Protein chains: 2
Amino acid sequence: VRAITFSDRLAYTDSCPTPRAGDGECVVAVLMAGICSTDHQITKGYMGFAGILGHEMVGRVVEGSADWIGKRVVCEINCVCRACDMCHAGLSTHCRKRTVLGISGRDGCFADFVIVPESNLHAVPPVIEDERAVFVEPLAAAFQVIRQVPIESRTRAAVVGSGRLGLLVAQVLADTGCALEVIGRNPRTLEWCDKKGIQSRSVDDVLPKQDWDVVVECSGSPEGLGMAERLVRPRGTIVLKSTYAGPSNSDLSSVVVNEVSVLGSRCGPFADALNALSRDAVDVSTMISGICSIEDGLDAFEASARRDTIKVLLKIGAE
Amino acid sequence: VRAITFSDRLAYTDSCPTPRAGDGECVVAVLMAGICSTDHQITKGYMGFAGILGHEMVGRVVEGSADWIGKRVVCEINCVCRACDMCHAGLSTHCRKRTVLGISGRDGCFADFVIVPESNLHAVPPVIEDERAVFVEPLAAAFQVIRQVPIESRTRAAVVGSGRLGLLVAQVLADTGCALEVIGRNPRTLEWCDKKGIQSRSVDDVLPKQDWDVVVECSGSPEGLGMAERLVRPRGTIVLKSTYAGPSNSDLSSVVVNEVSVLGSRCGPFADALNALSRDAVDVSTMISGICSIEDGLDAFEASARRDTIKVLLKIGAE
């Protein structure tokens with residue numbers, strides 16, 4: 001079967017062995033998948049992963065229990081043990097023994113088929129087309145921000161980074177009615193914000209005054225945290241979403257002196273993301289810069305890294 | 001009058017002009033002062049401060065309003081405007097226009113006299129001797145930790161760093177009855193912990209398993225945060241107390257992946273510290289490695305930087 005793999009280098013193959021499901025697992029035929037910055041970071045050494053890449057997808061269950069077979073699904077990416085201290089504490093996304101789809105210890109979804117635990121599945125309502133359903137995973141990660149930090153209409157929130165994740169976070173925050181500004185480098189995505197009625201500003205035009213209540217760092221770069229520190233008010237909150245290979249080089253003394261809370265934030269609630277897409281509260285369609293076949297996956301990766309693209313999708317299966 | 005000053009280099013002088021109090025301020029004759037790691041950091045360029053050093057002290061009001069004159073006092077270090085957005089929000093320790101005793105924009109207490117706003121004063125009960133009262137400021141900073149993070153008897157808390165601040169934080173945490181371990185480099189101070197019945201361990205003997213609920217980083221060094229990240233559990237809390245000149249060089253990806261909360265923590269409640277010293281809940285007396293005269297202040301600074309000392313005090317006035 002076809003797949004995009006990484007080990008030393010990114011490669012396309014059409015001769016991967018057909019994967020087999022284990023206990024409690026099912027086989028999902030992948031319909032569409034999304035390329036994420038984490039995929040790019042992995043190709044730079046992040047997580048030391050080798051295998052089939054990809055963790056954002058929508059597919060159809062082709063092998064598994066009667067409850068799921070034939071259903072169109074999205075899939076949570078953390079595959080957990082249900083036995084460790086974290087799982088017992090209700091923090092199963094932090095399972096000590098977890099494998100993570102296309103990120104750690106488990107093949108991902110840039111392939112014709114992917115194996116996932118059935119307990120990770122969520123059925124996709126018909127109203128959400130494949131091109132939108134593929135955004136559920138990153139959109140859930142965006143919703144995690146408002147699970148971790150109370151955002152009210154009088155909250156002043158800034159998003160640092162106007163990339164794929166930044167634009168999702170911005171929309172989730174905008175939906176709360178808070179005072180919002182997106183700060184980024186890319187004129188195209190800042191313009192996209194303007195069209196959505198979300199205030200935006202080029203990072204070059206920012207005069208940071210440490211007066212934002214909440215700053216969500218989605219830049220995906222080591223410089224983002226420093227900018228967030230210059231924006232956030234004393235006793236304010238920085239939500240860190242960016243992961244990248246290597247150190248941040250940040251001077252954290254302003255975090256101490258200003259008693260800032262820095263909250264790491266990763267995966268989030270799929271139900272909230274499915275709900276938002278169902279009621280059209282978040283626009284992902286206009287974030288799609290291109291849809292490529294899996295055979296053109298390497299080109300799609302390159303396109304996805306360019307500044308003039310937002311989201312690049314892989315169309316893998318057809319129905 | 002006598003003073004220890006810093007600008008380019010540390011110096012002792014006996015010919016400082018006698019300071020004069022402004023509106024709402026008073027003159028305190030300093031009885032005793034404590035040397036803190038922040039003082040050492042300032043001599044390495046932290047905060048870019050120049051002037052009379054020192055922010056930990058006990059003294060007697062010799063000039064001011066009738067309410068305060070003659071009283072033995074300790075003094076909060078943030079001198080605030082009561083007019084900015086932070087002051088109005090009840091966050092006056094984060095006043096936008098603050099000056100800070102011996103740290104920023106205002107002469108400190110390593111001198112015969114110091115000028116402070118009367119609203120910063122706290123009277124010291126007779127039961128707290130000068131040698132103990134001088135610990136109120138750093139002890140208040142230690143109490144800030146339990147104001148920011150709920151600590152219960154079932155909380156597992158680690159303190160990274162067994163220096164002056166680490167030992168105060170450890171005692172404050174020990175008083176909550178939580179499960180506690182101090183992790184440090186200095187055999188002398190780790191032994192001090194053992195004597196107090198506080199579990200301690202050399203940093204070389206730690207096998208970090210990311211299983212501590214709360215880790216308080218008091219190491220005063222850029223390596224401390226990395227150790228804290230290796231100790232704290234997923235969704236746990238790191239309290240950052242260390243400030244130092246320069247970057248931390250930390251890889252913050254574990255903060256994101258493990259959704260750790262990193263809380264900056266600075267000055268704390270003087271009332272809690274006075275209360276703890278009054279009821280003898282915290283032992284500071286055995287932390288005193290030496291008491292020097294202000295004339296020997298430069299030697300005291302050097303001694304204070306050595307690993308075989310904990311706290312070095314300056315005896316400045318006599319009664």
# chains A, B, ... in the order shown; residues from 1 in each chain; ligands from 1

call {"tool": "closest_atom_pairs", "arguments": {"of": "region 151-262 of chain B", "to": "region 134-138 of chain B", "cutoff": "9 Å", "atoms": "only C-alpha atoms", "output": "JSON lines"}}
result
{"residue": "B:Arg164", "atom": "CA", "partner": "B:Pro138", "partner_atom": "CA", "distance": 8.6}
{"residue": "B:Leu165", "atom": "CA", "partner": "B:Pro138", "partner_atom": "CA", "distance": 6.8}
{"residue": "B:Leu168", "atom": "CA", "partner": "B:Pro138", "partner_atom": "CA", "distance": 7.7}

call {"tool": "closest_atom_pairs", "arguments": {"of": "chain A", "to": "chain B", "cutoff": "6 Å", "atoms": "only C-alpha atoms", "output": "CSV"}}
result
residue,atom,partner,partner_atom,distance
A:Thr243,CA,B:Ser253,CA,5.4
A:Pro247,CA,B:Asp251,CA,4.0
A:Ser248,CA,B:Asp251,CA,5.6
A:Asn249,CA,B:Asn249,CA,4.5
A:Ser250,CA,B:Pro247,CA,5.4
A:Asp251,CA,B:Pro247,CA,4.0
A:Ser253,CA,B:Thr243,CA,5.3
A:Val255,CA,B:Gly264,CA,5.1
A:Val256,CA,B:Gly264,CA,3.8
A:Val257,CA,B:Arg266,CA,5.9
A:Glu259,CA,B:Gly264,CA,4.0
A:Val260,CA,B:Gly264,CA,5.2
A:Ser261,CA,B:Leu263,CA,4.5
A:Val262,CA,B:Val262,CA,4.8
A:Leu263,CA,B:Ser261,CA,4.5
A:Gly264,CA,B:Val256,CA,3.8
A:Ser265,CA,B:Glu259,CA,5.0
A:Arg266,CA,B:Val257,CA,5.9

call {"tool": "atom_distance", "arguments": {"atom1": "CA of Asp194 (chain B)", "atom2": "CA of Ala157 (chain B)"}}
result
16.3 Å

call {"tool": "atom_distance", "arguments": {"atom1": "CA of Met227 (chain B)", "atom2": "CA of Ile198 (chain B)"}}
result
19.7 Å

call {"tool": "residues_around", "arguments": {"residues": "Gly24 (chain A)", "least_positions_apart": "4", "cutoff": "10 Å", "atoms": "only C-alpha atoms", "output": "PyMOL selection string"}}
result
chain A and resi 64-65+116-119

call {"tool": "residues_around", "arguments": {"residues": "Val73 (chain A)", "least_positions_apart": "6", "cutoff": "10 Å", "atoms": "only C-alpha atoms", "output": "count of residues only"}}
result
18

call {"tool": "closest_residue", "arguments": {"among": "B:Asp67, B:Asp280, B:Asp308, B:Asp213", "to": "Arg154 (chain B)", "atoms": "only C-alpha atoms"}}
result
B:Asp213

call {"tool": "atom_distance", "arguments": {"atom1": "CA of Val203 (chain B)", "atom2": "CA of Gly184 (chain B)"}}
result
5.3 Å

call {"tool": "residues_around", "arguments": {"residues": "Leu180 (chain A)", "least_positions_apart": "6", "cutoff": "10 Å", "atoms": "only C-alpha atoms", "output": "list in words"}}
result
Ser153, Thr155, Arg156, Ala157, Ala158, Val159, Ala170, Gln171, Leu173, Ala174, Ile198, Gln199, Ser200, Trp212, Val214 and Val215 of chain A

call {"tool": "write_last_selection", "arguments": {"atoms": "all heavy atoms", "output": "short mmCIF file (atom, residue, chain, number, x, y, z; two decimals), in the first residue's frame"}}
result
data_model
loop_
_atom_site.label_atom_id
_atom_site.label_comp_id
_atom_site.auth_asym_id
_atom_site.auth_seq_id
_atom_site.Cartn_x
_atom_site.Cartn_y
_atom_site.Cartn_z
N SER A 153 -15.32 37.92 27.80
CA SER A 153 -15.41 38.95 26.77
C SER A 153 -14.48 40.12 27.09
O SER A 153 -13.99 40.80 26.19
CB SER A 153 -16.85 39.44 26.63
OG SER A 153 -17.29 39.97 27.85
N THR A 155 -11.51 39.75 28.39
CA THR A 155 -10.12 39.30 28.29
C THR A 155 -9.47 39.88 27.04
O THR A 155 -10.07 39.88 25.97
CB THR A 155 -10.05 37.76 28.23
OG1 THR A 155 -10.74 37.21 29.34
CG2 THR A 155 -8.61 37.26 28.21
N ARG A 156 -8.25 40.37 27.18
CA ARG A 156 -7.47 40.81 26.01
C ARG A 156 -6.50 39.70 25.66
O ARG A 156 -5.59 39.40 26.44
CB ARG A 156 -6.73 42.11 26.31
CG ARG A 156 -7.67 43.27 26.66
CD ARG A 156 -6.91 44.59 26.78
NE ARG A 156 -6.43 45.00 25.49
CZ ARG A 156 -5.15 45.23 25.20
NH1 ARG A 156 -4.23 45.11 26.12
NH2 ARG A 156 -4.79 45.59 23.98
N ALA A 157 -6.71 39.09 24.49
CA ALA A 157 -5.91 37.93 24.10
C ALA A 157 -5.18 38.19 22.80
O ALA A 157 -5.75 38.71 21.84
CB ALA A 157 -6.81 36.71 23.95
N ALA A 158 -3.89 37.84 22.78
CA ALA A 158 -3.10 37.96 21.56
C ALA A 158 -2.63 36.58 21.13
O ALA A 158 -2.33 35.74 21.97
CB ALA A 158 -1.90 38.88 21.79
N VAL A 159 -2.61 36.37 19.83
CA VAL A 159 -2.07 35.13 19.27
C VAL A 159 -0.79 35.48 18.54
O VAL A 159 -0.79 36.34 17.66
CB VAL A 159 -3.08 34.48 18.30
CG1 VAL A 159 -2.46 33.25 17.63
CG2 VAL A 159 -4.37 34.09 19.03
N ALA A 170 -6.94 31.51 16.79
CA ALA A 170 -7.55 32.84 16.68
C ALA A 170 -9.07 32.71 16.51
O ALA A 170 -9.85 33.45 17.14
CB ALA A 170 -6.95 33.60 15.51
N GLN A 171 -9.51 31.79 15.68
CA GLN A 171 -10.95 31.63 15.46
C GLN A 171 -11.67 31.13 16.71
O GLN A 171 -12.78 31.56 17.01
CB GLN A 171 -11.21 30.69 14.28
CG GLN A 171 -10.82 31.30 12.94
CD GLN A 171 -11.32 30.44 11.79
OE1 GLN A 171 -12.50 30.48 11.45
NE2 GLN A 171 -10.42 29.66 11.22
N LEU A 173 -10.70 31.65 19.77
CA LEU A 173 -10.75 32.79 20.70
C LEU A 173 -11.78 33.81 20.24
O LEU A 173 -12.54 34.36 21.06
CB LEU A 173 -9.37 33.44 20.82
CG LEU A 173 -8.29 32.61 21.52
CD1 LEU A 173 -6.94 33.34 21.47
CD2 LEU A 173 -8.66 32.31 22.97
N ALA A 174 -11.82 34.09 18.95
CA ALA A 174 -12.77 35.08 18.42
C ALA A 174 -14.21 34.68 18.78
O ALA A 174 -15.04 35.53 19.11
CB ALA A 174 -12.62 35.22 16.90
N ILE A 198 -10.96 39.52 12.17
CA ILE A 198 -10.05 39.36 13.32
C ILE A 198 -8.92 40.35 13.18
O ILE A 198 -8.22 40.38 12.16
CB ILE A 198 -9.50 37.91 13.39
CG1 ILE A 198 -10.63 36.91 13.67
CG2 ILE A 198 -8.40 37.80 14.44
CD1 ILE A 198 -10.23 35.46 13.54
N GLN A 199 -8.74 41.19 14.19
CA GLN A 199 -7.70 42.21 14.14
C GLN A 199 -6.33 41.56 14.05
O GLN A 199 -6.05 40.57 14.74
CB GLN A 199 -7.79 43.05 15.41
CG GLN A 199 -7.00 44.36 15.34
CD GLN A 199 -7.26 45.20 16.58
OE1 GLN A 199 -8.41 45.40 16.99
NE2 GLN A 199 -6.20 45.67 17.20
N SER A 200 -5.48 42.09 13.19
CA SER A 200 -4.15 41.49 13.05
C SER A 200 -3.10 42.57 12.85
O SER A 200 -3.42 43.71 12.51
CB SER A 200 -4.14 40.52 11.88
OG SER A 200 -4.16 41.24 10.67
N TRP A 212 -1.22 42.49 27.52
CA TRP A 212 -2.21 41.48 27.12
C TRP A 212 -2.42 40.49 28.26
O TRP A 212 -1.47 40.01 28.85
CB TRP A 212 -1.74 40.74 25.86
CG TRP A 212 -1.71 41.63 24.65
CD1 TRP A 212 -0.65 42.36 24.20
CD2 TRP A 212 -2.80 41.90 23.75
NE1 TRP A 212 -1.01 43.08 23.08
CE2 TRP A 212 -2.32 42.81 22.78
CE3 TRP A 212 -4.13 41.47 23.67
CZ2 TRP A 212 -3.12 43.29 21.74
CZ3 TRP A 212 -4.92 41.94 22.63
CH2 TRP A 212 -4.43 42.84 21.68
N VAL A 214 -3.76 37.42 28.04
CA VAL A 214 -3.41 36.06 27.59
C VAL A 214 -2.71 36.15 26.24
O VAL A 214 -3.17 36.87 25.36
CB VAL A 214 -4.69 35.19 27.44
CG1 VAL A 214 -4.35 33.81 26.89
CG2 VAL A 214 -5.44 35.08 28.77
N VAL A 215 -1.59 35.47 26.11
CA VAL A 215 -0.89 35.42 24.83
C VAL A 215 -0.69 33.95 24.47
O VAL A 215 -0.14 33.18 25.26
CB VAL A 215 0.49 36.13 24.90
CG1 VAL A 215 1.20 36.05 23.55
CG2 VAL A 215 0.33 37.58 25.34
#

call {"tool": "select_by_dssp", "arguments": {"residues": "region 124-189 of chain A", "states": "helix (DSSP H, G or I)", "output": "number ranges by chain"}}
result
A: 130-133, 136-148, 164-174, 187-189
